[in-house]
>>> print(open('input.txt').read())   # compact mmCIF, C-alpha atoms
# COMPACT_ATOMS: atom_id res chain seq x y z
CA MET A 1 0.00 0.00 0.00
CA ASN A 2 1.19 3.54 -0.78
CA SER A 3 2.73 5.13 2.34
CA THR A 4 0.27 8.06 2.23
CA ALA A 5 -2.69 5.71 1.97
CA GLU A 6 -1.27 3.57 4.78
CA TRP A 7 -0.92 6.62 7.05
CA LEU A 8 -4.47 7.77 6.28
CA HIS A 9 -6.07 4.40 7.01
CA ARG A 10 -4.07 3.91 10.20
CA ARG A 11 -4.01 7.40 11.64
CA LEU A 12 -7.42 8.90 10.81
CA PRO A 13 -9.43 6.46 13.02
CA GLU A 14 -6.93 7.02 15.84
CA LEU A 15 -7.27 10.81 15.61
CA VAL A 16 -11.06 10.66 15.42
CA GLU A 17 -11.09 8.61 18.60
CA GLU A 18 -8.44 10.74 20.32
CA HIS A 19 -10.16 14.08 19.68
CA GLY A 20 -13.77 12.97 20.02
CA VAL A 21 -14.68 13.74 16.42
CA VAL A 22 -18.03 12.39 15.25
CA GLY A 23 -17.03 11.42 11.72
CA ALA A 24 -14.34 12.26 9.20
CA GLN A 25 -13.48 11.70 5.59
CA ILE A 26 -10.20 12.61 3.91
CA ALA A 27 -8.89 12.52 0.36
CA VAL A 28 -5.35 13.31 -0.76
CA LEU A 29 -4.01 13.94 -4.25
CA ALA A 30 -0.29 13.13 -4.45
CA ASP A 31 1.88 11.80 -7.28
CA GLY A 32 -1.13 11.94 -9.58
CA GLU A 33 -3.23 9.56 -7.47
CA ILE A 34 -6.12 10.17 -5.08
CA HIS A 35 -6.16 8.25 -1.80
CA ASP A 36 -9.01 8.45 0.69
CA ALA A 37 -9.94 7.18 4.15
CA VAL A 38 -12.90 7.40 6.54
CA ALA A 39 -13.60 7.07 10.25
CA GLY A 40 -16.40 7.61 12.74
CA VAL A 41 -20.14 7.85 12.23
CA ARG A 42 -22.61 9.98 10.30
CA ASN A 43 -24.94 10.33 13.29
CA THR A 44 -24.16 9.74 16.97
CA VAL A 45 -27.67 8.41 17.64
CA LYS A 46 -28.11 6.01 14.74
CA ARG A 47 -24.36 5.17 14.67
CA ALA A 48 -24.31 4.68 10.90
CA PRO A 49 -20.64 4.57 9.86
CA VAL A 50 -19.02 7.06 7.53
CA THR A 51 -18.21 5.48 4.16
CA SER A 52 -16.24 6.77 1.18
CA GLY A 53 -19.56 7.62 -0.47
CA SER A 54 -20.93 9.66 2.44
CA LEU A 55 -21.62 13.31 1.68
CA PHE A 56 -20.57 16.14 4.00
CA GLN A 57 -21.41 19.82 3.73
CA ILE A 58 -18.33 21.77 2.60
CA GLY A 59 -19.54 25.16 3.84
CA SER A 60 -17.58 28.15 2.60
CA ILE A 61 -15.33 26.06 0.37
CA THR A 62 -18.35 26.52 -1.90
CA LYS A 63 -17.05 30.07 -2.42
CA ALA A 64 -14.16 28.68 -4.47
CA TRP A 65 -16.71 26.96 -6.72
CA THR A 66 -18.77 30.16 -6.98
CA ALA A 67 -15.61 32.12 -7.82
CA THR A 68 -14.76 29.55 -10.51
CA LEU A 69 -18.19 30.07 -12.09
CA VAL A 70 -17.58 33.83 -12.00
CA MET A 71 -14.21 33.40 -13.73
CA GLN A 72 -15.92 31.36 -16.44
CA LEU A 73 -18.14 34.40 -17.07
CA VAL A 74 -14.98 36.50 -17.41
CA HIS A 75 -13.46 33.99 -19.84
CA ASP A 76 -16.64 34.05 -21.92
CA GLY A 77 -16.57 37.85 -22.14
CA LEU A 78 -19.79 38.20 -20.15
CA LEU A 79 -18.38 39.95 -17.06
CA ASP A 80 -15.76 42.58 -16.24
CA LEU A 81 -14.57 42.16 -12.66
CA ASP A 82 -13.77 45.86 -12.34
CA ARG A 83 -17.05 47.35 -13.52
CA PRO A 84 -19.81 48.05 -10.97
CA VAL A 85 -22.08 45.19 -9.96
CA ARG A 86 -24.97 47.49 -10.91
CA GLU A 87 -24.16 46.98 -14.60
CA VAL A 88 -25.37 43.39 -14.22
CA LEU A 89 -27.73 43.82 -11.26
CA PRO A 90 -29.36 47.27 -11.55
CA GLU A 91 -31.49 46.43 -8.52
CA PHE A 92 -28.47 45.90 -6.20
CA CYS A 93 -28.99 48.20 -3.21
CA LEU A 94 -27.35 48.66 0.19
CA ALA A 95 -27.89 51.12 3.02
CA GLU A 96 -25.30 53.45 1.45
CA GLU A 97 -26.10 54.28 -2.16
CA ALA A 98 -22.57 55.48 -2.93
CA ALA A 99 -21.16 52.08 -1.98
CA ALA A 100 -23.83 50.07 -3.78
CA SER A 101 -23.23 51.97 -7.00
CA ALA A 102 -19.43 51.52 -6.82
CA ILE A 103 -18.85 47.94 -5.58
CA THR A 104 -17.34 45.61 -8.19
CA PRO A 105 -17.35 41.83 -8.59
CA ARG A 106 -13.61 41.80 -7.84
CA GLN A 107 -14.28 43.42 -4.47
CA LEU A 108 -16.98 40.84 -3.71
CA LEU A 109 -14.58 38.03 -4.64
CA CYS A 110 -11.93 39.56 -2.35
CA HIS A 111 -14.25 40.34 0.59
CA THR A 112 -13.48 44.05 0.30
CA GLY A 113 -17.00 45.28 -0.55
CA GLY A 114 -17.22 46.69 2.96
CA PHE A 115 -20.87 45.99 3.82
CA GLU A 116 -22.01 43.78 6.68
CA GLY A 117 -22.04 40.33 5.19
CA ASP A 118 -23.45 37.93 7.78
CA GLN A 119 -27.03 38.34 6.67
CA TRP A 120 -28.99 35.12 7.10
CA PHE A 121 -32.19 35.75 5.18
CA ASP A 122 -34.19 32.57 4.78
CA THR A 123 -35.99 33.05 1.48
CA GLY A 124 -36.76 29.38 0.96
CA VAL A 125 -35.17 26.88 -1.39
CA GLY A 126 -37.00 27.73 -4.61
CA ASP A 127 -35.30 28.72 -7.84
CA ASP A 128 -35.81 32.39 -6.92
CA CYS A 129 -34.35 32.18 -3.39
CA VAL A 130 -31.02 33.84 -4.31
CA GLU A 131 -32.81 36.65 -6.14
CA LYS A 132 -35.03 37.22 -3.10
CA PHE A 133 -31.98 37.21 -0.79
CA VAL A 134 -30.21 39.94 -2.78
CA ALA A 135 -33.38 42.06 -2.74
CA LEU A 136 -33.25 42.10 1.08
CA LEU A 137 -29.78 43.68 1.29
CA THR A 138 -31.18 47.21 1.05
CA ASP A 139 -30.57 47.87 4.77
CA ALA A 140 -27.10 46.29 4.99
CA PRO A 141 -24.81 49.01 6.41
CA GLN A 142 -21.22 49.74 5.43
CA LEU A 143 -18.41 48.83 7.80
CA HIS A 144 -15.86 50.60 5.61
CA ALA A 145 -15.48 52.06 2.14
CA PRO A 146 -15.34 49.56 -0.76
CA GLY A 147 -11.78 48.33 -1.26
CA GLU A 148 -10.49 49.71 2.05
CA LEU A 149 -10.20 46.53 4.11
CA PHE A 150 -10.65 42.76 4.00
CA SER A 151 -13.76 41.73 5.94
CA TYR A 152 -15.23 38.30 5.29
CA CYS A 153 -18.59 38.79 3.58
CA ASN A 154 -20.93 35.85 3.00
CA ALA A 155 -23.61 38.03 1.46
CA GLY A 156 -21.14 39.26 -1.15
CA TYR A 157 -20.89 35.73 -2.50
CA VAL A 158 -24.67 35.43 -2.64
CA VAL A 159 -24.59 38.56 -4.84
CA LEU A 160 -21.96 36.82 -7.01
CA GLY A 161 -24.27 33.81 -7.21
CA ARG A 162 -27.04 36.08 -8.45
CA ILE A 163 -24.68 37.50 -11.11
CA VAL A 164 -24.07 33.91 -12.26
CA GLU A 165 -27.83 33.32 -12.42
CA VAL A 166 -28.56 36.46 -14.44
CA LEU A 167 -25.75 35.98 -16.95
CA ARG A 168 -26.40 32.24 -17.40
CA GLY A 169 -30.19 32.50 -17.27
CA LYS A 170 -30.57 29.60 -14.81
CA PRO A 171 -30.77 29.07 -11.02
CA PHE A 172 -27.41 28.95 -9.26
CA HIS A 173 -27.60 25.27 -8.30
CA VAL A 174 -28.38 24.32 -11.90
CA VAL A 175 -25.42 26.31 -13.26
CA LEU A 176 -23.19 24.77 -10.59
CA ARG A 177 -24.13 21.29 -11.66
CA GLN A 178 -24.06 21.90 -15.42
CA ARG A 179 -20.81 23.86 -15.58
CA LEU A 180 -18.67 22.20 -12.89
CA VAL A 181 -20.14 19.08 -11.28
CA GLU A 182 -21.04 17.28 -14.52
CA PRO A 183 -17.98 18.31 -16.59
CA LEU A 184 -15.77 17.03 -13.78
CA GLY A 185 -17.63 13.71 -13.86
CA LEU A 186 -18.64 13.94 -10.19
CA THR A 187 -21.51 11.78 -8.97
CA ASP A 188 -21.28 11.97 -5.17
CA VAL A 189 -22.41 15.62 -4.99
CA ALA A 190 -25.60 17.37 -3.86
CA THR A 191 -25.93 20.98 -5.03
CA HIS A 192 -29.28 21.62 -3.34
CA TYR A 193 -31.11 20.47 -0.20
CA ASP A 194 -33.72 18.77 -2.39
CA GLU A 195 -31.02 16.39 -3.64
CA TYR A 196 -29.97 15.11 -0.19
CA SER A 197 -32.50 12.27 -0.19
CA ARG A 198 -30.64 10.62 -3.09
CA PHE A 199 -27.46 10.21 -1.08
CA GLU A 200 -25.95 8.94 2.16
CA VAL A 201 -25.50 12.31 3.91
CA ALA A 202 -23.70 12.84 7.20
CA GLU A 203 -25.42 15.02 9.79
CA GLY A 204 -23.83 17.98 11.54
CA HIS A 205 -23.29 17.89 15.31
CA LEU A 206 -22.93 20.85 17.67
CA SER A 207 -22.58 18.37 20.55
CA LEU A 208 -21.94 14.66 20.81
CA ASP A 209 -25.50 14.10 22.06
CA GLY A 210 -26.97 14.10 18.59
CA PRO A 211 -27.21 15.95 15.28
CA THR A 212 -28.45 19.51 15.01
CA ASP A 213 -31.84 20.15 13.45
CA ARG A 214 -30.99 23.71 12.36
CA PRO A 215 -29.76 23.81 8.77
CA MET A 216 -28.36 26.96 7.20
CA PRO A 217 -30.75 28.89 4.93
CA GLY A 218 -30.81 27.47 1.41
CA SER A 219 -30.80 31.00 -0.01
CA ASP A 220 -27.20 31.37 1.17
CA ALA A 221 -26.12 28.55 -1.16
CA PRO A 222 -23.57 30.51 -3.28
CA ALA A 223 -21.73 31.35 -0.04
CA GLY A 224 -21.84 27.78 1.26
CA SER A 225 -25.01 26.70 3.05
CA ALA A 226 -26.07 23.56 1.20
CA PHE A 227 -23.36 22.18 -1.11
CA ALA A 228 -22.38 18.65 -0.04
CA MET A 229 -20.05 15.99 -1.43
CA ASN A 230 -17.51 13.38 -0.48
CA ALA A 231 -13.84 14.22 -0.01
CA ARG A 232 -12.78 12.52 -3.25
CA SER A 233 -15.11 14.79 -5.25
CA LEU A 234 -13.70 17.88 -3.53
CA VAL A 235 -10.14 16.81 -4.35
CA SER A 236 -11.21 16.21 -7.96
CA PHE A 237 -12.30 19.87 -8.11
CA ALA A 238 -8.95 20.85 -6.59
CA ARG A 239 -7.16 18.73 -9.19
CA MET A 240 -8.75 20.78 -11.96
CA HIS A 241 -7.29 23.92 -10.39
CA LEU A 242 -3.86 22.31 -10.30
CA GLU A 243 -3.90 20.85 -13.81
CA THR A 244 -5.20 23.82 -15.81
CA SER A 245 -3.89 27.38 -15.98
CA ALA A 246 -7.36 28.76 -16.76
CA TYR A 247 -7.97 29.74 -13.14
CA ASP A 248 -4.45 30.72 -12.06
CA ALA A 249 -5.57 34.33 -11.54
CA MET A 250 -7.75 33.16 -8.68
CA ARG A 251 -4.72 32.34 -6.54
CA VAL A 252 -2.95 35.66 -7.05
CA GLU A 253 -3.08 37.71 -3.85
CA GLN A 254 -5.37 40.73 -4.13
CA VAL A 255 -5.46 41.92 -0.51
CA ARG A 256 -3.73 41.08 2.78
CA ILE A 257 -5.80 39.44 5.49
CA PRO A 258 -5.34 40.96 8.96
CA ASP A 259 -2.98 38.50 10.67
CA ARG A 260 -4.73 36.46 13.36
CA GLY A 261 -2.04 33.79 13.45
CA SER A 262 -2.10 32.32 9.95
CA SER A 263 -0.57 35.01 7.78
CA GLY A 264 -1.60 35.28 4.17
CA GLY A 265 -3.70 37.12 1.65
CA TRP A 266 -6.85 36.68 -0.36
CA GLY A 267 -7.11 35.97 -4.05
CA LEU A 268 -10.26 35.62 -6.12
CA GLY A 269 -12.03 33.02 -4.00
CA TRP A 270 -8.99 31.45 -2.31
CA THR A 271 -6.90 32.13 0.79
CA VAL A 272 -3.27 32.47 -0.33
CA HIS A 273 -1.02 31.15 2.45
CA ASP A 274 2.39 32.68 3.15
CA SER A 275 3.52 29.23 4.29
CA GLY A 276 2.77 27.79 0.86
CA GLY A 277 -0.11 27.02 -1.44
CA PHE A 278 -3.71 28.16 -1.26
CA GLY A 279 -7.06 26.83 -0.05
CA HIS A 280 -10.27 27.45 1.84
CA GLY A 281 -12.10 26.33 4.95
CA GLY A 282 -15.80 25.87 5.50
CA ASP A 283 -18.13 25.66 8.49
CA THR A 284 -21.89 25.17 8.63
CA MET A 285 -24.03 24.00 11.53
CA GLY A 286 -22.08 21.05 12.91
CA PHE A 287 -19.81 20.59 9.88
CA SER A 288 -16.22 21.73 9.38
CA ALA A 289 -14.23 21.25 6.17
CA SER A 290 -10.73 22.17 5.00
CA LEU A 291 -9.10 22.17 1.57
CA ARG A 292 -5.44 22.96 0.83
CA LEU A 293 -3.62 22.91 -2.52
CA VAL A 294 0.13 23.18 -3.14
CA PRO A 295 0.69 23.57 -6.91
CA GLU A 296 4.48 23.17 -6.80
CA ALA A 297 4.10 19.71 -5.29
CA GLY A 298 0.93 18.70 -7.14
CA VAL A 299 -0.73 18.08 -3.77
CA ALA A 300 -4.31 18.66 -2.64
CA ILE A 301 -5.83 17.62 0.69
CA ALA A 302 -9.53 17.67 1.64
CA LEU A 303 -10.73 16.87 5.15
CA LEU A 304 -14.46 16.77 5.92
CA THR A 305 -15.93 16.39 9.43
CA ASN A 306 -19.30 16.57 11.17
CA GLY A 307 -18.62 17.59 14.76
CA GLY A 308 -16.50 17.11 17.87
CA GLY A 309 -12.90 18.21 18.48
CA VAL A 310 -12.34 19.08 14.85
CA ALA A 311 -9.72 21.85 15.15
CA LYS A 312 -7.06 19.62 16.71
CA LEU A 313 -7.75 16.86 14.21
CA GLN A 314 -7.42 19.29 11.30
CA ARG A 315 -4.17 20.70 12.62
CA GLU A 316 -2.51 17.31 13.11
CA VAL A 317 -3.62 15.98 9.71
CA PHE A 318 -2.52 19.03 7.74
CA SER A 319 0.72 19.48 9.68
CA HIS A 320 1.77 15.92 8.86
CA LEU A 321 0.57 15.66 5.26
CA LEU A 322 1.66 19.12 4.10
CA GLY A 323 5.08 18.55 5.63
CA GLU A 324 5.54 15.04 4.24
CA LEU A 325 4.11 15.61 0.78
CA ALA A 326 4.81 19.26 0.02
CA GLY A 327 7.49 20.45 2.43
CA VAL A 328 5.08 23.02 3.85
CA ARG A 329 5.25 23.84 7.55
CA VAL A 330 1.98 24.80 9.21
CA PRO A 331 2.70 27.88 11.40
CA ASP A 332 2.54 27.51 15.16
CA LEU A 333 -0.62 28.85 16.78
CA PRO A 334 -0.10 32.20 18.54
CA VAL A 335 0.18 32.22 22.33
CA PRO A 336 0.29 35.09 24.82
CA PRO A 337 3.79 36.55 25.34
CA LYS A 338 5.68 35.46 28.44
CA THR A 339 6.22 39.12 29.33
CA PRO A 340 2.96 40.88 28.51
CA VAL A 341 2.90 44.46 27.28
CA PRO A 342 -0.01 46.43 28.79
CA VAL A 343 -2.87 47.22 26.44
CA ASP A 344 -3.50 50.92 25.81
CA ALA A 345 -7.10 50.63 26.96
CA ASP A 346 -7.89 54.27 26.13
CA LYS A 347 -7.26 53.48 22.47
CA VAL A 348 -9.00 50.10 22.39
CA ALA A 349 -11.93 50.18 24.83
CA GLY A 350 -15.35 50.73 23.30
CA PHE A 351 -18.28 49.11 21.55
CA TYR A 352 -17.75 47.53 18.11
CA ARG A 353 -20.60 46.44 15.84
CA SER A 354 -20.89 43.84 13.10
CA SER A 355 -23.78 41.86 11.67
CA ALA A 356 -22.63 38.59 13.24
CA VAL A 357 -21.49 39.67 16.68
CA ASP A 358 -21.01 42.85 18.71
CA LEU A 359 -17.83 43.24 20.77
CA HIS A 360 -17.74 45.09 24.09
CA VAL A 361 -14.20 46.02 25.20
CA THR A 362 -13.58 47.36 28.71
CA PRO A 363 -10.42 47.93 30.81
CA ALA A 364 -9.39 45.05 33.07
CA ALA A 365 -6.77 44.39 35.73
CA ASN A 366 -3.05 43.84 35.08
CA GLY A 367 -2.91 45.93 31.92
CA ARG A 368 -5.48 43.81 30.10
CA VAL A 369 -8.83 44.48 28.50
CA ARG A 370 -11.94 42.36 28.73
CA VAL A 371 -13.73 41.47 25.51
CA ARG A 372 -17.32 40.25 25.59
CA HIS A 373 -18.90 38.77 22.46
CA GLU A 374 -22.60 39.41 21.95
CA PRO A 375 -23.85 37.12 19.16
CA LYS A 376 -26.70 38.60 17.16
CA HIS A 377 -28.31 35.43 15.81
CA TRP A 378 -28.27 31.69 16.44
CA ILE A 379 -25.75 30.92 13.69
CA SER A 380 -23.02 33.09 15.19
CA ALA A 381 -23.99 32.04 18.72
CA ALA A 382 -23.04 28.46 17.85
CA GLY A 383 -19.39 29.50 17.68
CA MET A 384 -19.17 31.72 20.77
CA THR A 385 -17.10 30.37 23.65
CA ASP A 386 -16.34 33.23 26.06
CA GLY A 387 -19.74 33.35 27.79
CA GLU A 388 -21.50 36.36 29.24
CA ARG A 389 -18.52 37.45 31.37
CA GLY A 390 -16.18 37.75 28.42
CA ALA A 391 -12.48 36.96 28.34
CA ASP A 392 -9.32 38.89 29.19
CA TYR A 393 -7.00 39.88 26.35
CA THR A 394 -3.41 41.08 26.42
CA THR A 395 -1.09 42.52 23.77
CA LEU A 396 0.18 40.11 21.10
CA ARG A 397 1.65 42.71 18.73
CA ASP A 398 1.33 46.45 18.31
CA ASP A 399 -1.68 45.74 16.10
CA ALA A 400 -3.20 42.70 17.80
CA LEU A 401 -4.65 41.38 21.06
CA ILE A 402 -4.71 37.75 22.20
CA SER A 403 -6.91 36.01 24.77
CA VAL A 404 -5.08 35.15 27.97
CA GLU A 405 -6.87 31.81 28.20
CA PRO A 406 -7.60 29.52 25.25
CA GLN A 407 -10.96 30.04 23.58
CA GLY A 408 -11.78 26.51 22.55
CA SER A 409 -8.68 24.83 21.09
CA SER A 410 -6.55 27.96 20.67
CA HIS A 411 -6.04 31.52 21.88
CA ALA A 412 -8.29 33.98 20.05
CA VAL A 413 -6.66 36.92 18.27
CA LEU A 414 -8.24 40.29 17.50
CA VAL A 415 -6.44 42.59 15.07
CA LEU A 416 -6.56 46.35 15.65
CA CYS A 417 -7.24 48.07 12.32
CA GLY A 418 -7.22 51.77 11.51
CA ARG A 419 -7.33 54.77 13.82
CA ASP A 420 -9.84 57.60 14.16
CA GLU A 421 -9.08 61.28 14.74
CA HIS A 422 -8.48 60.52 18.45
CA GLU A 423 -6.05 57.66 17.63
CA ARG A 424 -8.61 55.14 18.85
CA VAL A 425 -8.95 51.79 17.06
CA ARG A 426 -11.59 51.97 14.31
CA TRP A 427 -12.13 48.25 13.69
CA LEU A 428 -11.61 45.10 15.75
CA HIS A 429 -10.98 42.36 13.22
CA HIS A 430 -12.04 38.80 14.07
CA GLY A 431 -12.17 37.56 10.48
CA ARG A 432 -14.88 40.13 10.00
CA ALA A 433 -14.36 43.81 10.79
CA ALA A 434 -16.39 45.08 13.72
CA VAL A 435 -16.59 48.89 13.56
CA ARG A 436 -16.37 51.24 16.54
CA VAL A 437 -19.68 53.01 17.21
>>> encode(input="input.txt", output="structure tokens")
Amino acid sequence: MNSTAEWLHRRLPELVEEHGVVGAQIAVLADGEIHDAVAGVRNTVKRAPVTSGSLFQIGSITKAWTATLVMQLVHDGLLDLDRPVREVLPEFCLAEEAAASAITPRQLLCHTGGFEGDQWFDTGVGDDCVEKFVALLTDAPQLHAPGELFSYCNAGYVVLGRIVEVLRGKPFHVVLRQRLVEPLGLTDVATHYDEYSRFEVAEGHLSLDGPTDRPMPGSDAPAGSAFAMNARSLVSFARMHLETSAYDAMRVEQVRIPDRGSSGGWGLGWTVHDSGGFGHGGDTMGFSASLRLVPEAGVAIALLTNGGGVAKLQREVFSHLLGELAGVRVPDLPVPPKTPVPVDADKVAGFYRSSAVDLHVTPAANGRVRVRHEPKHWISAAGMTDGERGADYTTLRDDALISVEPQGSSHAVLVLCGRDEHERVRWLHHGRAAVRV
């Protein structure tokens, strides 16, 4: 047996058991061959085992597929990434008219559109659900001017999905299947919730007691709510990106991502890692997925899971395989400095708003500040770990804070972005930008 395949089959079940992961599926492209392995169960109540044909939601990795469809529009001469979205979607409106009239598809691809993007409008699962979602963005406020800052924006990718629909004349899930799933010869893929009944689909778990019964809204599909597949299918998509130059522009860095411990930039639908290669992660309710590609080594790795201690499993798998197969070292997770530098609370303390979560920052003892997360809907609440009291943060760098105690499996990092006329921090960046108000 190939040494990679041998490691996968031996080590994945051990890691699933060690970290209390519900179920996992992995596929690796190396030396031109795809190897896969499975472990765990699809449902902790029914105990049905994960198989190589089981489907898992891939969450925001869907954005790389959406971006690929957008690039096909560019190749076909149907879309200019640097012209306003309004030229394709005249009805596109936000709370600030100046922003809505200026935002471009490139900025949506790069998460630099600047409007609050965690909008979870449930407009059903019909063929018009994406259109209805975009129509509800009229009250979405700006966090910053278009192009000014990276701030992860799910709603921006729903707008991109609507552009795909308008220019192709078909619902997003139909275009996705006709222009990517079928040409790639993939069969173990569900592009829409209505297709789940045809497959053996794993269920997401927020606890080990049983699966969650709260799916993400189907209208968020272009950003990653419903797309499901097995790991081998995801690696087959990655293989296309490694074996053709047609989409190379997608992995060219367009903007730096505020450094929360994994330094890199953002391309057109991909995270571009300073440590090597590019990829994307994805989380939905109870699912967590990771995809990493290293073109120089011809390597792609997809890991799909459905609950439990996923973060530690992901880190060990990718640290080993990227090192062995591609010579890529996964950076160490940030930890608080041994000799803390006091936080300038006068510059940091305040109230910061975003559509997913509000952040309350107050002075604390020993030169620290206390940060309290206030989730604004049940989707963001699922990921909150600091409780009502909040958590103490100390200085990590001149432009970043780090939690004194681990928040889950690692120490949380908040990046301090921009300054106002009083030299106070304008945005606290936690993947999204939360703006001082």
>>> residues_around(input="input.txt", residues="Phe133 in chain A", least_positions_apart="3", cutoff="8 Å", atoms="only C-alpha atoms", output="compact mmCIF listing (two decimals) with C-alpha atoms, keeping the file's coordinate frame")
# COMPACT_ATOMS: atom_id res chain seq x y z
CA PHE A 121 -32.19 35.75 5.18
CA ASP A 122 -34.19 32.57 4.78
CA THR A 123 -35.99 33.05 1.48
CA CYS A 129 -34.35 32.18 -3.39
CA VAL A 130 -31.02 33.84 -4.31
CA LEU A 136 -33.25 42.10 1.08
CA LEU A 137 -29.78 43.68 1.29
CA VAL A 158 -24.67 35.43 -2.64
CA SER A 219 -30.80 31.00 -0.01
CA ASP A 220 -27.20 31.37 1.17
>>> residues_near_point(input="input.txt", point="(-19.8, 8.8, 15.1)", cutoff="10 Å", atoms="all atoms listed in the file", output="list in words")
Val16, Glu17, Gly20, Val21, Val22, Gly23, Ala24, Ala39, Gly40, Val41, Arg42, Asn43, Thr44, Val45, Lys46, Arg47, Ala48, Pro49, Val50, Ala202, Glu203, His205, Leu208, Gly210, Asn306, Gly307 and Gly308 of chain A
>>> closest_atom_pairs(input="input.txt", of="range 195-264 of chain A", to="range 319-332 of chain A", cutoff="9 Å", atoms="only C-alpha atoms", output="tab-separated table")
residue	atom	partner	partner_atom	distance
A:Gly261	CA	A:Pro331	CA	7.8
A:Ser262	CA	A:Pro331	CA	6.7
A:Ser263	CA	A:Pro331	CA	8.6
>>> closest_residue(input="input.txt", among="A:Gln119, A:Thr187, A:Ile103, A:Arg198", to="Leu160 in chain A", atoms="only C-alpha atoms")
A:Ile103
>>> residues_around(input="input.txt", residues="Thr104 in chain A", least_positions_apart="3", cutoff="8 Å", atoms="only C-alpha atoms", output="NGL selection string")
:A and (81-85 or 107-108 or 113)
>>> closest_residue(input="input.txt", among="A:Arg397, A:Asp36, A:Glu200, A:Ser355", to="Val341 in chain A", atoms="only C-alpha atoms")
A:Arg397
>>> closest_atom_pairs(input="input.txt", of="range 138-256 of chain A", to="range 284-291 of chain A", cutoff="8 Å", atoms="only C-alpha atoms", output="CSV")
residue,atom,partner,partner_atom,distance
A:Glu203,CA,A:Gly286,CA,7.6
A:Gly204,CA,A:Gly286,CA,3.8
A:His205,CA,A:Gly286,CA,4.1
A:Leu206,CA,A:Gly286,CA,4.8
A:Pro211,CA,A:Gly286,CA,7.6
A:Thr212,CA,A:Gly286,CA,6.9
A:Arg214,CA,A:Met285,CA,7.0
A:Pro215,CA,A:Met285,CA,6.4
A:Met216,CA,A:Met285,CA,6.8
A:Gly224,CA,A:Thr284,CA,7.8
A:Ser225,CA,A:Thr284,CA,6.6
>>> atom_distance(input="input.txt", atom1="CA of Gly114 in chain A", atom2="CA of Glu374 in chain A")
21.0 Å
>>> decode(input="input.txt", residues="range 212-222 of chain A", atoms="N, CA, C and O atoms", output="PDB file, in the first residue's frame")
ATOM      1  N   THR A 212     -27.660  18.296  14.948  1.00  0.00           N
ATOM      2  CA  THR A 212     -28.451  19.509  15.013  1.00  0.00           C
ATOM      3  C   THR A 212     -29.610  19.429  14.026  1.00  0.00           C
ATOM      4  O   THR A 212     -29.521  18.761  12.997  1.00  0.00           O
ATOM      5  N   ASP A 213     -30.696  20.116  14.363  1.00  0.00           N
ATOM      6  CA  ASP A 213     -31.844  20.145  13.452  1.00  0.00           C
ATOM      7  C   ASP A 213     -32.024  21.543  12.864  1.00  0.00           C
ATOM      8  O   ASP A 213     -33.106  21.909  12.439  1.00  0.00           O
ATOM      9  N   ARG A 214     -30.906  22.343  12.842  1.00  0.00           N
ATOM     10  CA  ARG A 214     -30.991  23.712  12.357  1.00  0.00           C
ATOM     11  C   ARG A 214     -30.095  23.895  11.131  1.00  0.00           C
ATOM     12  O   ARG A 214     -28.933  24.294  11.263  1.00  0.00           O
ATOM     13  N   PRO A 215     -30.584  23.620   9.958  1.00  0.00           N
ATOM     14  CA  PRO A 215     -29.758  23.808   8.766  1.00  0.00           C
ATOM     15  C   PRO A 215     -29.586  25.281   8.437  1.00  0.00           C
ATOM     16  O   PRO A 215     -30.373  26.131   8.864  1.00  0.00           O
ATOM     17  N   MET A 216     -28.558  25.596   7.689  1.00  0.00           N
ATOM     18  CA  MET A 216     -28.356  26.959   7.201  1.00  0.00           C
ATOM     19  C   MET A 216     -29.408  27.267   6.135  1.00  0.00           C
ATOM     20  O   MET A 216     -29.899  26.367   5.447  1.00  0.00           O
ATOM     21  N   PRO A 217     -29.767  28.543   5.959  1.00  0.00           N
ATOM     22  CA  PRO A 217     -30.751  28.894   4.927  1.00  0.00           C
ATOM     23  C   PRO A 217     -30.280  28.495   3.534  1.00  0.00           C
ATOM     24  O   PRO A 217     -29.147  28.761   3.146  1.00  0.00           O
ATOM     25  N   GLY A 218     -31.160  27.870   2.771  1.00  0.00           N
ATOM     26  CA  GLY A 218     -30.813  27.468   1.411  1.00  0.00           C
ATOM     27  C   GLY A 218     -30.507  28.632   0.506  1.00  0.00           C
ATOM     28  O   GLY A 218     -29.769  28.493  -0.478  1.00  0.00           O
ATOM     29  N   SER A 219     -31.031  29.817   0.817  1.00  0.00           N
ATOM     30  CA  SER A 219     -30.799  30.998  -0.010  1.00  0.00           C
ATOM     31  C   SER A 219     -29.354  31.476   0.056  1.00  0.00           C
ATOM     32  O   SER A 219     -28.916  32.264  -0.781  1.00  0.00           O
ATOM     33  N   ASP A 220     -28.607  31.001   1.029  1.00  0.00           N
ATOM     34  CA  ASP A 220     -27.197  31.368   1.173  1.00  0.00           C
ATOM     35  C   ASP A 220     -26.286  30.423   0.395  1.00  0.00           C
ATOM     36  O   ASP A 220     -25.066  30.437   0.568  1.00  0.00           O
ATOM     37  N   ALA A 221     -26.866  29.622  -0.486  1.00  0.00           N
ATOM     38  CA  ALA A 221     -26.124  28.551  -1.163  1.00  0.00           C
ATOM     39  C   ALA A 221     -24.846  29.009  -1.861  1.00  0.00           C
ATOM     40  O   ALA A 221     -23.817  28.327  -1.761  1.00  0.00           O
ATOM     41  N   PRO A 222     -24.817  30.133  -2.605  1.00  0.00           N
ATOM     42  CA  PRO A 222     -23.566  30.506  -3.278  1.00  0.00           C
ATOM     43  C   PRO A 222     -22.418  30.804  -2.313  1.00  0.00           C
ATOM     44  O   PRO A 222     -21.251  30.767  -2.706  1.00  0.00           O
TER      45      PRO A 222
END
